[in-house]
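**Q** One file is attached below, work.cif, containing mmCIF, C-alpha atoms.
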```
data_final
loop_
_atom_site.label_atom_id
_atom_site.label_comp_id
_atom_site.auth_asym_id
_atom_site.auth_seq_id
_atom_site.Cartn_x
_atom_site.Cartn_y
_atom_site.Cartn_z
CA MET A 187 87.48 99.59 51.21
CA PRO A 188 88.19 103.31 50.88
CA ASN A 189 91.75 104.54 50.49
CA PRO A 190 93.99 104.48 53.57
CA THR A 191 94.12 107.62 55.68
CA ARG A 192 96.68 110.16 54.59
CA ILE A 193 98.13 111.40 57.86
CA LEU A 194 100.73 109.38 59.71
CA TYR A 195 101.83 110.59 63.13
CA CYS A 196 104.97 109.13 64.74
CA HIS A 197 105.02 109.32 68.53
CA CYS A 198 108.79 108.68 68.72
CA ALA A 199 108.00 106.70 71.86
CA TYR A 200 111.45 105.17 72.38
CA ALA A 201 113.52 108.35 72.59
CA GLN A 202 113.31 111.94 73.73
CA VAL A 203 114.53 113.59 70.57
CA VAL A 204 111.24 115.24 69.59
CA PRO A 205 110.28 118.05 71.97
CA ALA A 206 107.62 116.65 74.31
CA ASP A 207 105.54 119.82 74.07
CA THR A 208 105.46 119.59 70.29
CA LYS A 209 104.38 115.95 70.31
CA ALA A 210 101.72 116.63 72.91
CA ALA A 211 100.30 119.62 71.05
CA VAL A 212 100.22 117.89 67.67
CA LEU A 213 98.60 114.75 69.05
CA GLU A 214 96.06 116.84 70.95
CA GLN A 215 95.08 118.77 67.83
CA LEU A 216 94.90 115.61 65.75
CA SER A 217 92.75 113.96 68.39
CA ALA A 218 90.42 116.94 68.61
CA SER A 219 90.12 117.23 64.83
CA GLY A 220 87.48 115.47 62.84
CA VAL A 221 90.04 113.69 60.68
CA SER A 222 91.04 110.06 60.52
CA PHE A 223 94.75 109.33 60.88
CA GLU A 224 97.32 106.66 61.57
CA ALA A 225 99.48 106.90 64.67
CA VAL A 226 102.49 104.68 65.29
CA PRO A 227 104.57 104.40 68.43
CA ASP A 228 107.88 104.77 66.63
CA LEU A 229 108.77 104.68 62.93
CA CYS A 230 112.34 103.65 63.76
CA GLU A 231 111.11 100.58 65.60
CA MET A 232 108.80 99.70 62.69
CA SER A 233 111.70 100.05 60.28
CA ALA A 234 114.04 97.93 62.39
CA ARG A 235 111.30 95.27 62.55
CA ARG A 236 110.63 95.64 58.80
CA ASP A 237 106.97 96.08 59.62
CA PRO A 238 104.90 95.39 56.48
CA GLY A 239 102.61 98.24 57.54
CA LEU A 240 105.26 100.68 56.31
CA ALA A 241 104.71 99.49 52.75
CA ASP A 242 100.98 100.22 53.06
CA ILE A 243 101.67 103.67 54.44
CA ALA A 244 104.16 104.33 51.66
CA ALA A 245 101.51 103.35 49.13
CA ALA A 246 99.12 106.06 50.34
CA ASP A 247 99.76 108.62 47.62
CA GLY A 248 99.88 112.18 48.85
CA ALA A 249 100.35 111.21 52.48
CA THR A 250 101.75 113.54 55.12
CA ILE A 251 104.08 111.99 57.66
CA VAL A 252 104.61 113.89 60.89
CA ALA A 253 107.84 112.59 62.34
CA CYS A 254 111.42 113.86 62.14
CA TYR A 255 114.00 114.73 59.50
CA PRO A 256 112.76 113.90 55.99
CA ARG A 257 116.06 112.27 55.03
CA ALA A 258 115.82 109.97 58.06
CA VAL A 259 112.19 109.08 57.38
CA ARG A 260 112.85 108.34 53.71
CA TRP A 261 115.71 105.96 54.48
CA LEU A 262 113.88 104.35 57.39
CA PHE A 263 111.20 103.35 54.90
CA SER A 264 113.87 102.18 52.48
CA ALA A 265 115.51 100.08 55.20
CA ALA A 266 112.19 98.34 55.68
CA GLY A 267 111.94 97.62 51.96
CA SER A 268 109.51 100.41 51.04
CA VAL A 269 110.16 103.42 48.86
CA LEU A 270 108.30 106.60 49.74
CA PRO A 271 106.71 108.14 46.66
CA GLU A 272 107.82 111.64 45.71
CA GLY A 273 104.42 113.09 46.64
CA VAL A 274 104.74 112.14 50.31
CA ARG A 275 105.36 115.14 52.54
CA VAL A 276 107.38 114.77 55.73
CA VAL A 277 106.90 117.29 58.53
CA ASN A 278 109.76 117.48 61.01
CA MET A 279 108.59 117.72 64.63
CA ARG A 280 112.19 118.00 65.82
CA VAL A 281 112.54 121.50 64.40
CA ALA A 282 109.16 122.80 63.21
CA GLU A 283 106.97 124.93 65.45
CA VAL A 284 103.50 123.60 66.30
CA PRO A 285 101.56 126.14 64.18
CA GLU A 286 103.68 125.25 61.16
CA ILE A 287 102.98 121.55 61.70
CA LEU A 288 99.25 122.12 62.11
CA LEU A 289 99.17 124.20 58.94
CA ALA A 290 100.87 121.37 57.07
CA LEU A 291 98.17 119.03 58.36
CA GLU A 292 95.47 121.53 57.46
CA LEU A 293 94.34 121.59 61.08
CA PRO A 294 93.12 124.77 62.77
CA VAL A 295 95.80 126.81 64.50
CA GLU A 296 94.70 128.40 67.75
CA THR A 297 95.87 131.98 68.05
CA PRO A 298 96.67 133.26 71.54
CA MET B 271 113.72 91.75 68.36
CA SER B 272 110.50 89.85 68.95
CA ASN B 273 108.70 88.64 65.85
CA ALA B 274 105.44 88.05 67.71
CA ARG B 275 102.43 89.38 65.86
CA ALA B 276 101.31 92.84 66.85
CA LEU B 277 97.73 93.79 67.58
CA ARG B 278 96.63 96.73 65.45
CA ILE B 279 94.21 99.06 67.22
CA VAL B 280 91.37 100.99 65.64
CA LEU B 281 89.88 103.77 67.73
CA TYR B 282 86.53 103.74 65.99
CA GLU B 283 84.18 106.71 66.11
CA GLY B 284 82.73 106.23 62.65
CA LEU B 285 79.31 105.25 61.42
CA GLY B 286 77.35 103.15 63.92
CA SER B 287 79.18 104.41 66.99
CA ARG B 288 79.17 107.35 69.36
CA PRO B 289 82.27 109.56 69.60
CA LEU B 290 84.53 109.23 72.60
CA ASP B 291 84.74 112.12 75.01
CA ALA B 292 87.65 114.32 73.90
CA PRO B 293 89.82 113.86 77.04
CA VAL B 294 89.28 110.10 76.97
CA ARG B 295 90.18 109.92 73.27
CA LEU B 296 93.40 111.90 73.78
CA ALA B 297 94.44 109.95 76.87
CA ALA B 298 93.66 106.65 75.12
CA LEU B 299 95.75 107.64 72.09
CA ARG B 300 98.69 108.61 74.30
CA GLN B 301 98.56 105.48 76.42
CA LEU B 302 98.12 103.14 73.47
CA LEU B 303 101.08 104.68 71.63
CA GLU B 304 103.27 104.65 74.71
CA SER B 305 102.36 100.99 75.26
CA GLY B 306 103.62 100.20 71.76
CA TYR B 307 100.33 99.89 69.87
CA GLY B 308 99.83 101.35 66.41
CA VAL B 309 96.49 103.14 66.30
CA THR B 310 94.16 104.05 63.46
CA ARG B 311 91.71 106.74 64.45
CA VAL B 312 88.48 106.52 62.46
CA ALA B 313 86.73 109.85 62.83
CA THR B 314 83.05 110.63 63.23
CA GLY B 315 81.00 110.29 60.06
CA THR B 316 83.56 108.15 58.26
CA GLY B 317 83.97 104.41 57.80
CA MET B 318 86.75 101.91 58.14
CA ALA B 319 89.64 102.33 55.72
CA ALA B 320 92.25 99.80 54.69
CA LEU B 321 94.59 99.30 57.62
CA PRO B 322 98.34 99.13 57.32
CA GLY B 323 100.21 95.96 58.13
CA GLU B 324 98.99 92.49 58.79
CA GLY B 325 97.73 90.51 61.75
CA PRO B 326 94.73 90.85 64.02
CA ILE B 327 92.84 94.09 64.58
CA ALA B 328 91.10 95.27 67.75
CA VAL B 329 88.34 97.80 67.12
CA LEU B 330 87.59 99.91 70.18
CA GLY B 331 84.39 101.90 70.07
CA ARG B 332 81.14 102.93 71.68
CA PHE B 333 79.01 100.86 69.36
CA GLU B 334 75.34 101.65 68.93
CA GLN B 335 74.49 98.05 68.20
CA ALA B 336 75.87 94.79 69.53
CA GLN B 337 78.93 93.63 67.58
CA PRO B 338 80.17 90.11 67.04
CA GLY B 339 83.11 89.23 69.30
CA VAL B 340 85.25 88.45 66.30
CA ALA B 341 84.87 88.77 62.54
CA GLU B 342 87.05 88.86 59.44
CA SER B 343 88.04 92.07 57.73
CA HIS B 344 86.97 92.51 54.13
CA GLY B 345 89.62 91.86 51.56
CA ASP B 346 92.49 90.50 53.59
CA GLY B 347 90.61 88.25 56.04
CA ARG B 348 92.42 89.57 59.10
CA PRO B 349 90.67 88.67 62.34
CA VAL B 350 88.84 91.65 63.81
CA PHE B 351 87.96 91.76 67.50
CA PHE B 352 85.30 94.26 68.55
CA CYS B 353 85.66 95.77 72.02
CA ASN B 354 82.94 97.99 73.40
CA VAL B 355 84.67 100.63 75.50
CA GLU B 356 81.51 102.35 76.73
CA GLY B 357 82.26 103.80 80.16
CA LEU B 358 85.89 102.67 80.13
CA GLU B 359 88.83 104.90 80.95
CA PRO B 360 92.07 104.34 78.97
CA ASP B 361 93.50 102.11 81.73
CA GLY B 362 90.50 99.83 81.36
CA MET B 363 90.95 99.72 77.58
CA LEU B 364 94.57 98.66 78.02
CA ARG B 365 93.61 95.95 80.48
CA GLY B 366 91.07 94.67 77.97
CA LEU B 367 93.75 94.54 75.27
CA GLU B 368 96.10 92.63 77.54
CA GLU B 369 93.40 90.01 77.98
CA LEU B 370 92.76 89.95 74.23
CA HIS B 371 96.33 88.94 73.34
CA ALA B 372 95.78 85.29 74.20
CA ARG B 373 92.67 85.05 72.00
CA ALA B 374 94.27 86.98 69.15
CA ASN B 375 97.55 85.06 69.37
CA THR B 376 99.48 88.30 69.65
CA ALA B 377 101.91 89.73 72.16
CA PRO B 378 102.46 93.15 73.64
CA ARG B 379 105.43 94.98 72.20
CA ALA B 380 108.63 94.23 74.04
CA LYS B 381 110.99 96.99 75.06
CA TRP B 382 113.19 98.11 72.22
CA LYS B 383 116.59 99.76 72.09
CA PRO B 384 116.17 102.73 69.76
CA TRP B 385 119.67 102.71 68.33
CA PHE B 386 120.70 101.36 64.95
CA PRO B 387 122.20 102.76 61.76
CA VAL B 388 120.24 103.59 58.62
CA ILE B 389 122.04 103.89 55.30
CA ASP B 390 121.35 106.78 52.94
CA PHE B 391 121.90 104.93 49.68
CA SER B 392 121.73 108.16 47.70
CA ARG B 393 125.14 108.91 49.21
CA CYS B 394 126.65 105.51 49.99
CA THR B 395 129.48 104.45 47.66
CA ASN B 396 129.68 100.90 49.05
CA CYS B 397 133.23 101.51 50.28
CA MET B 398 132.71 99.12 53.25
CA GLN B 399 134.50 101.40 55.73
CA CYS B 400 131.54 101.06 58.09
CA LEU B 401 131.72 97.29 57.92
CA THR B 402 135.43 97.26 58.59
CA PHE B 403 135.20 99.77 61.41
CA CYS B 404 132.20 98.38 63.32
CA LEU B 405 133.25 96.07 66.12
CA PHE B 406 129.86 94.48 66.60
CA ASP B 407 129.07 92.93 63.19
CA VAL B 408 126.16 95.27 62.61
CA TYR B 409 126.94 95.41 58.89
CA GLY B 410 126.96 92.70 56.27
CA VAL B 411 127.11 92.36 52.52
CA SER B 412 124.00 91.49 50.55
CA LYS B 413 123.88 88.96 47.72
CA ASP B 414 124.20 91.80 45.24
CA LYS B 415 127.40 92.85 47.06
CA LYS B 416 125.92 95.92 48.68
CA ILE B 417 126.52 97.01 52.23
CA GLU B 418 123.53 96.35 54.46
CA VAL B 419 122.55 96.70 58.10
CA ARG B 420 122.32 93.03 58.94
CA ASN B 421 122.30 92.91 62.75
CA PRO B 422 120.81 96.19 63.98
CA THR B 423 120.32 94.89 67.51
CA ASN B 424 124.09 94.37 67.80
CA CYS B 425 124.63 98.12 67.60
CA LYS B 426 126.22 99.71 70.64
CA THR B 427 123.88 102.28 72.14
CA ASP B 428 125.07 105.85 71.64
CA CYS B 429 128.00 104.79 69.45
CA PRO B 430 127.84 106.70 66.13
CA ALA B 431 131.42 105.78 65.21
CA CYS B 432 130.56 104.15 61.87
CA SER B 433 128.73 107.29 60.89
CA ARG B 434 131.76 109.35 61.80
CA VAL B 435 134.11 107.27 59.68
CA CYS B 436 131.77 107.23 56.66
CA PRO B 437 133.48 109.46 54.08
CA GLU B 438 130.15 110.26 52.41
CA VAL B 439 128.09 111.10 55.52
CA ALA B 440 125.77 108.31 54.40
CA ILE B 441 125.01 106.70 57.76
CA LEU B 442 122.20 108.03 59.93
CA PHE B 443 121.21 107.36 63.48
CA PRO B 444 117.70 108.86 63.59
CA LYS B 445 117.71 109.07 67.39
CA TYR B 446 121.04 110.92 67.52
CA LYS B 447 120.97 114.42 68.96
CA GLY B 448 122.86 116.31 66.29
CA GLY B 449 123.03 116.69 62.54
CA PRO B 450 123.77 115.43 60.02
CA ILE B 451 123.94 112.04 61.76
CA ASN B 452 120.30 112.42 62.86
CA GLY B 453 119.16 112.83 59.24
CA ASP B 454 119.38 116.60 59.08
CA GLU B 455 120.39 117.95 55.69
CA ILE B 456 124.09 117.82 54.95
CA ARG B 457 125.75 121.21 54.75
CA ASP B 458 128.94 122.14 52.94
CA GLU B 459 130.88 122.32 56.20
CA ASP B 460 129.79 118.76 57.05
CA LEU B 461 131.23 117.54 53.78
CA HIS B 462 134.39 119.56 54.34
CA ARG B 463 134.78 118.04 57.78
CA GLU B 464 134.37 114.55 56.36
CA LYS B 465 136.92 115.29 53.66
CA MET B 466 139.35 116.48 56.30
CA LYS B 467 138.77 113.28 58.20
CA VAL B 468 139.71 111.22 55.17
CA ASP B 469 142.75 113.41 54.53
CA ILE B 470 143.89 112.91 58.10
CA SER B 471 143.54 109.18 57.61
CA ALA B 472 145.64 109.42 54.44
CA LEU B 473 148.27 111.45 56.26
CA LEU B 474 148.52 108.65 58.75
CA GLY B 475 149.51 106.34 55.94
CA GLY B 476 146.02 105.23 54.99
CA ASP B 477 145.79 102.93 57.97
CA ILE B 478 144.60 104.69 61.06
CA TYR B 479 144.68 101.49 63.08
CA ALA B 480 148.34 100.84 62.31
CA ALA B 481 149.07 104.46 63.12
CA LEU B 482 147.28 104.19 66.43
CA ARG B 483 149.09 100.99 67.30
CA GLN B 484 152.43 102.53 66.29
CA ARG B 485 151.67 105.58 68.39
CA SER B 486 150.78 103.38 71.31
CA ALA B 487 153.96 101.30 70.83
CA ASP B 488 156.10 104.45 70.55
CA ALA B 489 154.55 105.83 73.68
CA GLN B 490 155.10 102.57 75.52
CA ALA B 491 158.73 102.43 74.44
CA ARG B 492 159.37 106.04 75.32
CA PHE B 493 157.72 105.80 78.69
CA SER B 494 159.31 102.47 79.52
CA ARG B 495 162.67 104.11 78.87
CA GLU B 496 161.68 106.89 81.15
CA ARG B 497 160.30 104.37 83.67
CA ASP B 498 157.39 106.66 84.45
CA GLU B 499 154.28 104.52 84.50
CA LYS B 500 152.04 107.24 85.83
CA ARG B 501 153.02 109.59 83.03
CA ALA B 502 152.47 106.84 80.45
CA LEU B 503 149.04 106.09 81.76
CA ASP B 504 148.15 109.77 81.79
CA GLU B 505 149.26 110.14 78.18
CA ARG B 506 147.34 107.09 77.09
CA ARG B 507 144.23 108.33 78.84
CA LYS B 508 144.64 111.73 77.19
CA CYS B 509 144.92 110.19 73.71
CA LEU B 510 141.92 107.97 74.23
CA THR B 511 139.87 110.84 75.61
CA LYS B 512 140.74 112.96 72.58
CA LEU B 513 139.68 110.17 70.22
CA GLN B 514 136.48 109.60 72.13
CA GLN B 515 135.61 113.28 71.95
CA ASP B 516 136.50 113.62 68.28
CA LEU B 517 134.55 110.58 67.14
CA GLY B 518 131.94 110.32 69.88
CA ILE B 519 132.94 106.75 70.63
CA PRO B 520 132.00 105.09 73.93
CA PRO B 521 135.15 104.14 75.90
CA GLU B 522 134.43 100.41 75.85
CA VAL B 523 134.28 100.48 72.07
CA LEU B 524 137.63 102.17 71.79
CA ALA B 525 139.12 99.75 74.28
CA ALA B 526 138.10 96.87 72.02
CA LEU B 527 139.67 98.31 68.87
CA PRO B 528 140.68 95.34 66.69
CA SER B 529 143.93 94.91 64.85
CA LEU B 530 144.25 95.56 61.13
CA ASP B 531 144.50 91.81 60.49
CA GLN B 532 141.25 91.22 62.34
CA ILE B 533 139.52 93.98 60.38
CA GLN B 534 140.68 92.65 57.03
CA ALA B 535 139.62 89.14 57.96
CA LYS B 536 136.17 90.37 58.97
CA THR B 537 135.67 92.24 55.70
CA ALA B 538 136.77 89.19 53.73
CA ARG B 539 134.32 86.99 55.62
CA ALA B 540 131.48 89.46 55.04
CA MET B 541 132.19 89.63 51.33
CA ALA B 542 132.25 85.85 51.18
CA ASP B 543 128.98 85.58 53.13
CA GLY B 544 127.37 88.05 50.76
CA GLY B 545 128.45 86.01 47.77
CA GLY B 546 130.90 88.71 46.79
CA GLU B 547 134.58 88.55 45.99
CA GLU B 548 137.19 89.26 48.60
CA PRO B 549 138.62 92.75 48.52
CA LEU B 550 142.02 93.19 46.94
#
```
Show the structure stored in the file as structure tokens.
**A**
Amino acid sequence: MPNPTRILYCHCAYAQVVPADTKAAVLEQLSASGVSFEAVPDLCEMSARRDPGLADIAAADGATIVACYPRAVRWLFSAAGSVLPEGVRVVNMRVAEVPEILLALELPVETP
Amino acid sequence: MSNARALRIVLYEGLGSRPLDAPVRLAALRQLLESGYGVTRVATGTGMAALPGEGPIAVLGRFEQAQPGVAESHGDGRPVFFCNVEGLEPDGMLRGLEELHARANTAPRAKWKPWFPVIDFSRCTNCMQCLTFCLFDVYGVSKDKKIEVRNPTNCKTDCPACSRVCPEVAILFPKYKGGPINGDEIRDEDLHREKMKVDISALLGGDIYAALRQRSADAQARFSRERDEKRALDERRKCLTKLQQDLGIPPEVLAALPSLDQIQAKTARAMADGGGEEPL
């Protein structure tokens, strides 16, 4: 099989800490793009459940994770028994503006 | 937390299928995620990639040719269920998945309480203050004598108290509203605040619990001498409110504050369970 996809989007489905507009816009642009990606309901829930899928995601060298604070994401993976490689980039939807997130994902940014 | 196997979803628009209409794709993604399904989107012109995790896979697509009802994935032999979603709206896709659970021996995701601590081991010094402070046995000691989050589901929702008492700012609650508890970078003033917290503890004789109990006893004695129950209750409420505000502790947690003896006994038990030696 080819390598796993390199974009992981966390929907943070169990809390309202990521601005709803940001989540909606990022998911919409991902959906409209021609790229393959992984989307998970909530990385925290996966970590608490020690989901083995986190290890596979961590193994995808050069992945971009769109979720929340990088320190939180890194230690969520660790709590589930997976170490994120140094090359993994974490984009923080709690603070970053949508255009910045889309640029990080190399998706087109619509200008008003 | 339920250990039932999860059904992994593939929204397949790759080779051998027609793409979904854009609004249907977006609505399906949203509804699947909000229903607790992990989704792999396979885009037009691409093929299936290795999927994360384990357990059965449901491939939803508008297939150009008839697909077998079930097959095995290459490599890991996971069962793969093909579901033709031609003409279906997202609600219909979800209904189809609900029916698939019985055949796939999986279960929908149960509701989950999004509150548990995560340890930043780049900062943790294994001092065990979190273990001694937590009233709900969230923490334990591993076989290699390291602090660990053993019972995350025991954690009291919205109580970040262990994070507040951690002298190294090493405990995160990713769903917390503010930094650095939510995982935001730690600034110098955060460290300064934590240092002050430890210094305050030291000023109280190194045992904040004993100090609190002594304060409570002093207050009781003073107020009993004054025979002013209302004033005593007001003072107690004021002290508790101040503590709650300073540490962000839910009132029921503070009300259940254990004695020093209980705390020491709990730490000793945890160290013994973890195969470690009892603290001096």
**Q** Please return, as a compact mmCIF listing (two decimals) with C-alpha atoms, in the coordinates of the input, all residues of chain A lying within 6 Å of chain B when all atoms listed in the file are considered.
**A**
```txt
# COMPACT_ATOMS: atom_id res chain seq x y z
CA MET A 187 87.48 99.59 51.21
CA PRO A 188 88.19 103.31 50.88
CA PRO A 190 93.99 104.48 53.57
CA ALA A 199 108.00 106.70 71.86
CA TYR A 200 111.45 105.17 72.38
CA SER A 217 92.75 113.96 68.39
CA GLY A 220 87.48 115.47 62.84
CA VAL A 221 90.04 113.69 60.68
CA SER A 222 91.04 110.06 60.52
CA PHE A 223 94.75 109.33 60.88
CA GLU A 224 97.32 106.66 61.57
CA ALA A 225 99.48 106.90 64.67
CA VAL A 226 102.49 104.68 65.29
CA PRO A 227 104.57 104.40 68.43
CA PRO A 238 104.90 95.39 56.48
CA GLY A 239 102.61 98.24 57.54
CA ASP A 242 100.98 100.22 53.06
CA TYR A 255 114.00 114.73 59.50
CA ARG A 257 116.06 112.27 55.03
CA ALA A 258 115.82 109.97 58.06
CA TRP A 261 115.71 105.96 54.48
```
**Q** May I ask which of the residues A:Gly267, A:Pro205, A:Gly248, A:Pro294 is the closest one to A:Ala218, counting all atoms listed in the file?
**A**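 Of all the options, A:Pro294 lies closest to A:Ala218.
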**Q** Kindly give the distance, in Å, that separates atom CA of B:Val435 and atom CA of B:Ala540, rounded to a single decimal.
**A**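 Separation of atom CA of B:Val435 and atom CA of B:Ala540: 18.6 Å.
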**Q** By how many Å are atom CA of B:Ala336 and atom CA of B:Arg275 apart?
**A**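 Between these atoms lies a distance of 27.4 Å.
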**Q** What's the separation between atom CA of A:Arg236 and atom CA of A:Leu213, in Å to one decimal place?
**A**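 We find that atom CA of A:Arg236 and atom CA of A:Leu213 lie 24.8 Å from each other.
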